[in-house]
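Colleague: I'd like to ask some things about the structure below.
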Amino acid sequence: MRTVPALPDEFVLGHLTRHLAANALPVPSALLKSFRTGVDGGSHHHARGESRYYEQLVRGLEMTEQTYKQRHTLVFLAKHTQPGVYSADEGFLAEPFVYHHIPMNFMVDDTKRPTLWKFCATCRVLDRARYGIAYWHIVHQVPGIDLCPLHDEPLHGCTVESIFQDPTLSKPDALQCIIPTPELIAANRTPALSLYRAVVTELLARPLPDGQLRLKLLALRRHGWMQSPLDSQTLRLPSLGAVINRHEIPEVWIAHHFPPIRKQWAPDGVFVDKAWRAKFLQTCHHRTSKARSDLWTNGLDLLRACLTIRDLATIQEVLWPGVASAAPDQAALEQLPC
Ligand SMILES: [Zn+2]
């Protein structure tokens, strides 16, 4: 079995696809089978599905599974104790691969979105110059982000099959990509979403131990409590309701990232601002506000923190007490538009 090291910030699905190609394995399940017939193959039956893949991907590398997960997956955005809710579906989703690989805690509904995966054209050019190939970055796959945090450029949105068709982005023109509309780009540049982008980027650069983000988010909520009547009202709402309640996040962003809500409340695609928000908030409860994706559980709480605190330094101090001023990636963060 050939070892294929992951590139910096490479998203696990792209790495896995390159690993399979290098070893002439047709489908991901073949990776597991090839190890089951090996000397120590029996033990893999008892491992959890996602862990079995990580184990293969880090084999031969100077890296633990834990470190791999922190550097190459978005699992940190999922609630630690929350079990994934996956279901079998037709076509692509029926592949056992997706069952295991929604390990990044995307859910089945996410995979039906027209633009699930994203890439930045400038990052692609720079990667090819530096590594000879381009690849899919994890920072571009964070839910709710439509601009490259490093280049402030609109991300190309691609179909669910794209990573498997072209893990090195060798022919991006052959992928069915969608560029964000000017309205969606403008929405991403509003203060709260710019701050969200900055905090998430830093979380990837300086990952917290497993489960710590959840605790830190609770600390952030306590910090923001009672700052203003609107803040305290926002903090009592479920995450998505809190975000909508602030009237600072444009509808175009909410509709793009939470399509079921658009279907429910605006079948014609036209929003009437006050009426839509009021109607949503009346019916908002924890079940609907979870917004269908595991990744959104911590992501929305993070966005809620960005709406109530609004200041990167304060959030940094809660997430990384005492080390915010010594950020190793400060130069990159200063380029961010927040
Ligand atoms: Zn970029």
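Just so we're on the same page: first chain in the structure tokens is A, next is B, and so on; residues restart at 1 for each chain, and ligands are numbered from 1 in the order they show up.
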Using DSSP on the backbone coordinates, identify the residues of segment 115-177 of chain A assigned to alpha helix (DSSP H); present them as number ranges by chain.
Modeller: A: 121-131, 162-165
Colleague: Write a file of the selected residues as a compact mmCIF listing (two decimals), in the first residue's frame, keeping N, CA and C atoms.
Modeller:
```txt
# COMPACT_ATOMS: atom_id res chain seq x y z
N ALA A 121 -10.19 29.84 -6.79
CA ALA A 121 -9.38 29.79 -8.01
C ALA A 121 -7.94 30.23 -7.73
N THR A 122 -7.76 31.21 -6.86
CA THR A 122 -6.40 31.68 -6.56
C THR A 122 -5.63 30.64 -5.75
N CYS A 123 -6.28 30.03 -4.76
CA CYS A 123 -5.63 28.96 -4.00
C CYS A 123 -5.19 27.85 -4.97
N ARG A 124 -6.04 27.58 -5.95
CA ARG A 124 -5.72 26.52 -6.92
C ARG A 124 -4.43 26.84 -7.67
N VAL A 125 -4.31 28.07 -8.13
CA VAL A 125 -3.11 28.48 -8.88
C VAL A 125 -1.88 28.39 -7.97
N LEU A 126 -2.00 28.87 -6.75
CA LEU A 126 -0.86 28.86 -5.82
C LEU A 126 -0.46 27.42 -5.46
N ASP A 127 -1.46 26.56 -5.26
CA ASP A 127 -1.16 25.15 -4.94
C ASP A 127 -0.39 24.47 -6.06
N ARG A 128 -0.84 24.75 -7.29
CA ARG A 128 -0.17 24.11 -8.43
C ARG A 128 1.28 24.58 -8.55
N ALA A 129 1.50 25.86 -8.24
CA ALA A 129 2.86 26.38 -8.29
C ALA A 129 3.72 25.76 -7.18
N ARG A 130 3.10 25.54 -6.02
CA ARG A 130 3.88 25.07 -4.87
C ARG A 130 4.02 23.56 -4.80
N TYR A 131 2.93 22.85 -5.13
CA TYR A 131 2.94 21.38 -4.93
C TYR A 131 2.84 20.59 -6.24
N SER A 162 -17.99 16.13 -7.22
CA SER A 162 -16.80 16.82 -7.75
C SER A 162 -15.47 16.36 -7.16
N ILE A 163 -15.42 16.19 -5.85
CA ILE A 163 -14.14 15.82 -5.23
C ILE A 163 -13.67 14.46 -5.75
N PHE A 164 -14.63 13.57 -5.97
CA PHE A 164 -14.26 12.22 -6.41
C PHE A 164 -13.89 12.21 -7.88
N GLN A 165 -14.50 13.12 -8.65
CA GLN A 165 -14.17 13.21 -10.07
C GLN A 165 -12.80 13.84 -10.27
```
Colleague: Residues contacting ligand 1 - anything with an atom at most 12 Å away, using only C-alpha atoms and all ligand atoms - can you give me those as a PyMOL selection string?
Modeller: chain A and resi 9+118-127+134-140+146-156+332+335-336
Colleague: What is the distance between atom CA of Asp231 of chain A and atom CA of Leu307 of chain A, in Å to one decimal?
Modeller: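 Computing the Euclidean distance for atom CA of Asp231 of chain A and atom CA of Leu307 of chain A yields 8.5 Å.
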Colleague: For Gly299 of chain A, list every protein, DNA or RNA residue within 7 Å, evaluated using only C-alpha atoms, and leave out those in the same chain fewer than 4 positions away; present the list as a list of chain:residue names.
Modeller: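 Those residues are A:Leu77, A:Leu295, A:Leu303.
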